[in-house]
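Reproduced below: input-v7.csv, with CSV, N, CA and C atoms.
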chain,number,residue,atom,x,y,z
W,21,MET,N,107.1,108.7,93.4
W,21,MET,CA,106.0,108.0,92.7
W,21,MET,C,105.2,109.1,91.9
W,22,VAL,N,104.8,108.8,90.7
W,22,VAL,CA,104.1,109.8,89.9
W,22,VAL,C,102.7,109.3,89.8
W,23,LEU,N,101.7,110.2,90.2
W,23,LEU,CA,100.3,109.9,90.1
W,23,LEU,C,99.8,110.4,88.8
W,24,LEU,N,99.3,109.5,87.9
W,24,LEU,CA,98.9,109.8,86.6
W,24,LEU,C,97.4,109.7,86.4
W,25,GLU,N,96.9,110.2,85.3
W,25,GLU,CA,95.6,110.0,84.9
W,25,GLU,C,95.5,108.6,84.3
W,26,ASN,N,94.3,108.0,84.2
W,26,ASN,CA,94.1,106.6,83.8
W,26,ASN,C,94.6,106.3,82.5
W,27,ASP,N,94.4,107.1,81.5
W,27,ASP,CA,94.9,106.9,80.1
W,27,ASP,C,96.4,107.0,80.0
W,28,SER,N,97.0,108.0,80.7
W,28,SER,CA,98.4,108.1,80.7
W,28,SER,C,99.1,107.0,81.5
W,29,PHE,N,98.4,106.5,82.5
W,29,PHE,CA,99.0,105.4,83.3
W,29,PHE,C,99.0,104.1,82.4
W,30,LEU,N,98.0,103.9,81.6
W,30,LEU,CA,98.0,102.7,80.7
W,30,LEU,C,99.1,102.8,79.6
W,31,THR,N,99.4,104.0,79.1
W,31,THR,CA,100.4,104.2,78.1
W,31,THR,C,101.8,104.0,78.8
W,32,GLU,N,102.0,104.5,80.0
W,32,GLU,CA,103.3,104.3,80.7
W,32,GLU,C,103.5,102.9,81.0
W,33,LEU,N,102.4,102.2,81.4
W,33,LEU,CA,102.5,100.8,81.7
W,33,LEU,C,102.9,100.0,80.5
W,34,THR,N,102.4,100.3,79.4
W,34,THR,CA,102.8,99.7,78.1
W,34,THR,C,104.3,99.9,77.9
W,35,ARG,N,104.8,101.1,78.1
W,35,ARG,CA,106.2,101.3,77.9
W,35,ARG,C,107.0,100.5,78.9
W,36,LEU,N,106.5,100.4,80.2
W,36,LEU,CA,107.3,99.5,81.1
W,36,LEU,C,107.3,98.1,80.7
W,37,PHE,N,106.2,97.6,80.2
W,37,PHE,CA,106.2,96.2,79.7
W,37,PHE,C,107.1,96.0,78.5
W,38,GLN,N,107.2,96.9,77.6
W,38,GLN,CA,108.1,96.8,76.5
W,38,GLN,C,109.5,96.9,76.9
W,39,LYS,N,109.8,97.8,77.9
W,39,LYS,CA,111.2,98.0,78.3
W,39,LYS,C,111.7,96.7,79.0
W,40,CYS,N,110.8,96.0,79.8
W,40,CYS,CA,111.2,94.8,80.5
W,40,CYS,C,110.9,93.5,79.8
W,41,ARG,N,110.7,93.6,78.5
W,41,ARG,CA,110.3,92.3,77.8
W,41,ARG,C,111.5,91.3,77.8
W,42,THR,N,112.7,91.8,77.5
W,42,THR,CA,113.8,90.9,77.5
W,42,THR,C,114.4,90.5,78.8
W,43,SER,N,114.5,91.4,79.7
W,43,SER,CA,115.0,91.1,81.0
W,43,SER,C,114.4,92.1,82.0
W,44,GLY,N,114.1,91.5,83.2
W,44,GLY,CA,113.5,92.3,84.3
W,44,GLY,C,112.0,92.0,84.4
W,45,SER,N,111.4,92.6,85.4
W,45,SER,CA,110.0,92.4,85.6
W,45,SER,C,109.2,93.6,86.0
W,46,VAL,N,107.9,93.6,85.9
W,46,VAL,CA,107.1,94.7,86.3
W,46,VAL,C,106.2,94.2,87.4
W,47,VAL,N,106.2,95.0,88.5
W,47,VAL,CA,105.4,94.6,89.7
W,47,VAL,C,104.1,95.5,89.7
W,48,ILE,N,102.9,94.9,89.8
W,48,ILE,CA,101.7,95.7,89.8
W,48,ILE,C,101.0,95.4,91.1
W,49,THR,N,100.5,96.4,91.8
W,49,THR,CA,99.7,96.3,93.0
W,49,THR,C,98.4,97.0,92.9
W,50,LEU,N,97.4,96.5,93.5
W,50,LEU,CA,96.1,97.1,93.5
W,50,LEU,C,95.5,97.1,94.9
W,51,LYS,N,95.0,98.2,95.4
W,51,LYS,CA,94.4,98.2,96.7
W,51,LYS,C,93.3,99.3,96.8
W,52,LYS,N,92.5,99.1,97.8
W,52,LYS,CA,91.5,100.1,98.1
W,52,LYS,C,92.1,101.4,98.5
W,53,TYR,N,91.5,102.5,98.0
W,53,TYR,CA,92.1,103.8,98.3
W,53,TYR,C,91.0,104.7,98.9
W,54,ASP,N,91.2,105.2,100.1
W,54,ASP,CA,90.2,106.0,100.7
W,54,ASP,C,90.4,107.5,100.6
W,55,GLY,N,91.5,107.9,100.0
W,55,GLY,CA,91.7,109.4,99.8
W,55,GLY,C,92.6,110.0,100.8
W,56,ARG,N,93.1,109.2,101.7
W,56,ARG,CA,94.0,109.8,102.7
W,56,ARG,C,95.4,109.9,102.2
W,57,THR,N,96.1,110.9,102.6
W,57,THR,CA,97.5,111.1,102.1
W,57,THR,C,98.5,110.9,103.3
W,58,LYS,N,97.9,110.9,104.5
W,58,LYS,CA,98.8,110.7,105.7
W,58,LYS,C,98.3,109.5,106.4
W,59,PRO,N,99.2,108.7,107.0
W,59,PRO,CA,98.8,107.5,107.8
W,59,PRO,C,98.0,107.9,109.0
W,60,VAL,N,97.2,106.9,109.5
W,60,VAL,CA,96.4,107.1,110.7
W,60,VAL,C,97.2,106.7,111.9
W,61,ALA,N,97.2,107.5,112.9
W,61,ALA,CA,97.9,107.2,114.2
W,61,ALA,C,97.2,106.1,114.9
W,62,LYS,N,97.9,105.2,115.5
W,62,LYS,CA,97.3,104.1,116.3
W,62,LYS,C,96.6,104.6,117.5
W,63,LYS,N,97.3,105.5,118.2
W,63,LYS,CA,96.7,106.0,119.5
W,63,LYS,C,96.4,107.5,119.3
W,64,GLY,N,95.5,108.0,120.1
W,64,GLY,CA,95.2,109.4,120.0
W,64,GLY,C,93.9,109.7,119.3
W,65,HIS,N,93.9,110.4,118.3
W,65,HIS,CA,92.6,110.8,117.6
W,65,HIS,C,91.9,109.6,117.0
W,66,SER,N,90.7,109.5,117.3
W,66,SER,CA,89.9,108.3,116.8
W,66,SER,C,88.8,108.9,115.9
W,67,GLU,N,89.2,109.7,114.9
W,67,GLU,CA,88.2,110.3,114.0
W,67,GLU,C,87.7,109.2,113.1
W,68,SER,N,86.4,109.3,112.8
W,68,SER,CA,85.8,108.3,111.9
W,68,SER,C,85.8,109.0,110.5
W,69,PHE,N,86.6,108.5,109.6
W,69,PHE,CA,86.7,109.1,108.3
W,69,PHE,C,86.0,108.2,107.3
W,70,GLU,N,85.0,108.7,106.7
W,70,GLU,CA,84.2,107.9,105.7
W,70,GLU,C,84.4,108.5,104.4
W,71,PRO,N,85.0,107.8,103.4
W,71,PRO,CA,85.1,108.4,102.1
W,71,PRO,C,83.8,108.5,101.4
W,72,ALA,N,83.7,109.5,100.6
W,72,ALA,CA,82.4,109.7,99.8
W,72,ALA,C,82.3,108.7,98.7
W,73,ASP,N,83.4,108.2,98.2
W,73,ASP,CA,83.5,107.4,97.0
W,73,ASP,C,84.5,106.3,97.1
W,74,ASN,N,84.2,105.1,96.7
W,74,ASN,CA,85.2,104.0,96.7
W,74,ASN,C,86.1,104.2,95.6
W,75,LYS,N,87.4,104.0,95.8
W,75,LYS,CA,88.4,104.2,94.7
W,75,LYS,C,89.4,103.1,94.9
W,76,CYS,N,90.1,102.8,93.8
W,76,CYS,CA,91.2,101.8,93.7
W,76,CYS,C,92.5,102.6,93.4
W,77,LEU,N,93.6,102.1,94.0
W,77,LEU,CA,94.9,102.7,93.8
W,77,LEU,C,95.7,101.6,93.1
W,78,LEU,N,96.2,101.9,91.9
W,78,LEU,CA,97.0,100.9,91.1
W,78,LEU,C,98.4,101.5,91.1
W,79,ARG,N,99.4,100.6,91.4
W,79,ARG,CA,100.8,101.0,91.3
W,79,ARG,C,101.5,100.1,90.4
W,80,ALA,N,102.5,100.6,89.7
W,80,ALA,CA,103.4,99.7,88.8
W,80,ALA,C,104.8,100.2,89.0
W,81,SER,N,105.7,99.2,89.0
W,81,SER,CA,107.1,99.6,89.1
W,81,SER,C,108.0,98.5,88.4
W,82,ASP,N,109.1,99.0,87.9
W,82,ASP,CA,110.1,98.1,87.3
W,82,ASP,C,111.3,98.0,88.1
W,83,GLY,N,111.3,98.6,89.3
W,83,GLY,CA,112.5,98.7,90.1
W,83,GLY,C,113.1,100.0,90.1
W,84,LYS,N,113.0,100.7,89.0
W,84,LYS,CA,113.6,102.1,88.9
W,84,LYS,C,112.5,103.1,88.8
W,85,LYS,N,111.5,102.9,88.0
W,85,LYS,CA,110.5,103.9,87.7
W,85,LYS,C,109.2,103.4,88.4
W,86,LYS,N,108.5,104.3,89.1
W,86,LYS,CA,107.2,104.0,89.7
W,86,LYS,C,106.1,104.9,89.2
W,87,ILE,N,105.0,104.3,88.8
W,87,ILE,CA,103.9,105.0,88.4
W,87,ILE,C,102.6,104.6,89.2
W,88,SER,N,101.6,105.4,89.3
W,88,SER,CA,100.4,105.1,90.0
W,88,SER,C,99.2,105.9,89.4
W,89,THR,N,98.0,105.3,89.7
W,89,THR,CA,96.8,106.0,89.3
W,89,THR,C,95.7,105.7,90.3
W,90,VAL,N,94.7,106.5,90.3
W,90,VAL,CA,93.5,106.3,91.2
W,90,VAL,C,92.3,106.2,90.2
W,91,VAL,N,91.6,105.1,90.4
W,91,VAL,CA,90.4,104.8,89.6
W,91,VAL,C,89.2,104.9,90.4
W,92,SER,N,88.2,105.8,90.0
W,92,SER,CA,87.0,106.0,90.7
W,92,SER,C,85.9,105.0,90.3
W,93,THR,N,84.9,104.8,91.0
W,93,THR,CA,83.8,103.8,90.7
W,93,THR,C,83.2,104.1,89.3
W,94,LYS,N,83.1,105.4,88.9
W,94,LYS,CA,82.5,105.7,87.7
W,94,LYS,C,83.3,105.2,86.5
W,95,GLU,N,84.6,105.1,86.6
W,95,GLU,CA,85.5,104.8,85.5
W,95,GLU,C,86.0,103.4,85.5
W,96,VAL,N,85.5,102.6,86.5
W,96,VAL,CA,86.1,101.2,86.7
W,96,VAL,C,85.9,100.3,85.5
W,97,ILE,N,84.7,100.3,84.9
W,97,ILE,CA,84.5,99.4,83.8
W,97,ILE,C,85.3,99.7,82.6
W,98,LYS,N,85.3,101.0,82.3
W,98,LYS,CA,86.1,101.4,81.1
W,98,LYS,C,87.6,101.1,81.3
W,99,PHE,N,88.1,101.4,82.5
W,99,PHE,CA,89.5,101.2,82.8
W,99,PHE,C,89.8,99.7,82.9
W,100,GLN,N,88.9,98.9,83.4
W,100,GLN,CA,89.2,97.5,83.5
W,100,GLN,C,89.2,96.8,82.2
W,101,MET,N,88.4,97.2,81.2
W,101,MET,CA,88.5,96.7,79.9
W,101,MET,C,89.8,97.0,79.2
W,102,ALA,N,90.2,98.3,79.3
W,102,ALA,CA,91.5,98.7,78.7
W,102,ALA,C,92.7,98.0,79.4
W,103,TYR,N,92.6,97.8,80.7
W,103,TYR,CA,93.7,97.2,81.5
W,103,TYR,C,93.8,95.7,81.2
W,104,SER,N,92.7,95.0,81.1
W,104,SER,CA,92.7,93.6,80.7
W,104,SER,C,93.3,93.4,79.3
W,105,ASN,N,92.9,94.2,78.4
W,105,ASN,CA,93.5,94.1,77.0
W,105,ASN,C,95.0,94.3,77.0
W,106,LEU,N,95.4,95.2,77.8
W,106,LEU,CA,96.9,95.5,77.9
W,106,LEU,C,97.6,94.3,78.5
W,107,LEU,N,97.0,93.7,79.6
W,107,LEU,CA,97.7,92.6,80.2
W,107,LEU,C,97.7,91.4,79.3
W,108,ARG,N,96.6,91.1,78.5
W,108,ARG,CA,96.6,90.0,77.6
W,108,ARG,C,97.7,90.2,76.5
W,109,ALA,N,97.9,91.4,76.1
W,109,ALA,CA,98.9,91.6,75.1
W,109,ALA,C,100.3,91.5,75.5
W,110,HIS,N,100.6,91.8,76.8
W,110,HIS,CA,102.0,91.8,77.2
W,110,HIS,C,102.4,90.7,78.2
W,111,ILE,N,101.5,90.0,78.7
W,111,ILE,CA,101.9,88.9,79.6
W,111,ILE,C,102.0,87.6,78.8
W,112,ASP,N,103.2,87.4,78.3
W,112,ASP,CA,103.5,86.2,77.6
W,112,ASP,C,104.8,85.6,78.0
W,113,GLY,N,105.5,86.1,78.9
W,113,GLY,CA,106.8,85.6,79.3
W,113,GLY,C,106.8,84.7,80.5
W,114,LEU,N,105.6,84.2,80.9
W,114,LEU,CA,105.5,83.4,82.1
W,114,LEU,C,106.1,82.0,81.8
W,115,LYS,N,106.7,81.5,82.8
W,115,LYS,CA,107.4,80.1,82.7
W,115,LYS,C,106.3,79.1,82.9
W,116,LYS,N,106.4,78.0,82.1
W,116,LYS,CA,105.5,76.9,82.3
W,116,LYS,C,106.0,75.9,83.3
W,117,LYS,N,105.1,75.3,84.0
W,117,LYS,CA,105.4,74.3,85.1
W,117,LYS,C,106.1,73.1,84.5
W,118,ASP,N,107.0,72.5,85.2
W,118,ASP,CA,107.6,71.3,84.8
W,118,ASP,C,106.8,70.1,85.3
W,119,LYS,N,106.1,69.3,84.5
W,119,LYS,CA,105.3,68.3,84.9
W,119,LYS,C,106.0,67.0,85.4
W,120,LYS,N,107.3,66.9,84.9
W,120,LYS,CA,108.1,65.7,85.3
W,120,LYS,C,108.4,65.7,86.8
W,121,SER,N,108.8,66.9,87.3
W,121,SER,CA,109.2,67.0,88.7
W,121,SER,C,108.0,66.7,89.6
W,122,LYS,N,106.9,67.1,89.2
W,122,LYS,CA,105.7,66.9,90.0
W,122,LYS,C,105.3,65.4,90.1
W,123,SER,N,105.5,64.7,89.1
W,123,SER,CA,105.1,63.3,89.1
W,123,SER,C,106.2,62.5,89.9
W,124,LYS,N,107.4,62.9,89.9
W,124,LYS,CA,108.4,62.2,90.7
W,124,LYS,C,108.2,62.4,92.2
W,125,LYS,N,107.7,63.6,92.6
W,125,LYS,CA,107.5,63.9,94.0
W,125,LYS,C,106.3,63.0,94.6
W,126,THR,N,105.3,62.8,93.8
W,126,THR,CA,104.2,62.1,94.2
W,126,THR,C,104.5,60.6,94.4
W,127,LYS,N,105.4,60.0,93.5
W,127,LYS,CA,105.8,58.7,93.6
W,127,LYS,C,106.7,58.5,94.8
W,128,ALA,N,107.5,59.4,95.1
W,128,ALA,CA,108.5,59.3,96.2
W,128,ALA,C,107.8,59.3,97.6
W,129,THR,N,106.7,60.1,97.7
W,129,THR,CA,106.0,60.2,99.0
W,129,THR,C,105.1,59.0,99.2
W,130,GLN,N,104.8,58.2,98.2
W,130,GLN,CA,103.9,57.0,98.4
W,130,GLN,C,104.6,55.8,98.8
Represent the supplied structure as structure tokens.
Amino acid sequence: MVLLENDSFLTELTRLFQKCRTSGSVVITLKKYDGRTKPVAKKGHSESFEPADNKCLLRASDGKKKISTVVSTKEVIKFQMAYSNLLRAHIDGLKKKDKKSKSKKTKATQ
């Protein structure tokens, strides 16, 4: 997995969306990141690790290529605006729900 800067992550994410436009999908995950690079042992040392700054870890993958970035609290608003514009531009291949099948199920249960 490649850890990128915020701007280069957004450009690579744009490339992933364009590459997967006709077939395939892009998986994006977001989670809180405390700065640790090694997992915490369940038993043994019970160190209390307090991060100095809250951060978010974003990961994106198309099944073959994986990219990631870490966003700090200072850059969240700027990154969120750019990220939301990117999603609005590229998320258009979602399937619409079939309303006919939903109405048949409700009549059958009554």
>> DSSP on the backbone: which residues in chain W end up as helix (DSSP H, G or I)? Give the answer as an NGL selection string.
In response: :W and (26-39 or 93-110 or 119-129)
> Which polymer residues have any atom within 8 Å of an atom of Lys85 in chain W, counting all atoms listed in the file, with same-chain residues fewer than 3 positions away left out, as a PyMOL selection string?
Replying inline: chain W and resi 21-22+80-82+88
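Considering the residues W:Asn74, W:Asn105, W:Lys58, W:Phe99 and counting only N, CA and C atoms, Asn26 in chain W has its shortest atom-to-atom contact with W:Phe99.
You will find CA of Phe29 in chain W at 15.8 Å from atom N of Lys84 in chain W.
On the backbone of this structure, DSSP gives strand (DSSP E) within range 29-101 of chain W to Val47, Ile48, Thr49, Leu50, Lys51, Lys52, Tyr53, Lys75, Cys76, Leu77, Leu78, Arg79, Ala80, Ser81, Lys86, Ile87, Ser88, Thr89, Val90, Val91 and Ser92 of chain W.
Relative to CA of Leu24 in chain W, atom N of Pro59 in chain W is found at 20.4 Å.
Among the candidates W:Leu77, W:Leu23, W:Leu30, W:Cys40, the one nearest to Lys98 in chain W when counting only C-alpha atoms is W:Leu30.
You will find CA of Lys39 in chain W at 25.3 Å from CA of Lys117 in chain W.
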May I have the residues within 10 Å of Leu107 in chain W as a PDB file with N, CA and C atoms, keeping the file's coordinate frame, using only C-alpha atoms and disregarding those fewer than 5 positions away in the same chain?
ATOM      1  N   LEU W  33     102.400 102.200  81.400  1.00  0.00           N
ATOM      2  CA  LEU W  33     102.500 100.800  81.700  1.00  0.00           C
ATOM      3  C   LEU W  33     102.900 100.000  80.500  1.00  0.00           C
ATOM      4  N   THR W  34     102.400 100.300  79.400  1.00  0.00           N
ATOM      5  CA  THR W  34     102.800  99.700  78.100  1.00  0.00           C
ATOM      6  C   THR W  34     104.300  99.900  77.900  1.00  0.00           C
ATOM      7  N   PHE W  37     106.200  97.600  80.200  1.00  0.00           N
ATOM      8  CA  PHE W  37     106.200  96.200  79.700  1.00  0.00           C
ATOM      9  C   PHE W  37     107.100  96.000  78.500  1.00  0.00           C
ATOM     10  N   ALA W 102      90.200  98.300  79.300  1.00  0.00           N
ATOM     11  CA  ALA W 102      91.500  98.700  78.700  1.00  0.00           C
ATOM     12  C   ALA W 102      92.700  98.000  79.400  1.00  0.00           C
ATOM     13  N   ASP W 112     103.200  87.400  78.300  1.00  0.00           N
ATOM     14  CA  ASP W 112     103.500  86.200  77.600  1.00  0.00           C
ATOM     15  C   ASP W 112     104.800  85.600  78.000  1.00  0.00           C
TER      16      ASP W 112
END
>> Applying 10 Å and only C-alpha atoms, which residues near Lys51 in chain W remain after dropping the ones on its own chain fewer than 5 positions away? List them as an MDAnalysis selection string.
In response: chainID W and resid 75:79 90
Residue selection dump (N, CA and C atoms) as a compact mmCIF listing (two decimals), in the coordinates of the input:
# COMPACT_ATOMS: atom_id res chain seq x y z
N LYS W 75 87.40 104.00 95.80
CA LYS W 75 88.40 104.20 94.70
C LYS W 75 89.40 103.10 94.90
N CYS W 76 90.10 102.80 93.80
CA CYS W 76 91.20 101.80 93.70
C CYS W 76 92.50 102.60 93.40
N LEU W 77 93.60 102.10 94.00
CA LEU W 77 94.90 102.70 93.80
C LEU W 77 95.70 101.60 93.10
N LEU W 78 96.20 101.90 91.90
CA LEU W 78 97.00 100.90 91.10
C LEU W 78 98.40 101.50 91.10
N ARG W 79 99.40 100.60 91.40
CA ARG W 79 100.80 101.00 91.30
C ARG W 79 101.50 100.10 90.40
N VAL W 90 94.70 106.50 90.30
CA VAL W 90 93.50 106.30 91.20
C VAL W 90 92.30 106.20 90.20
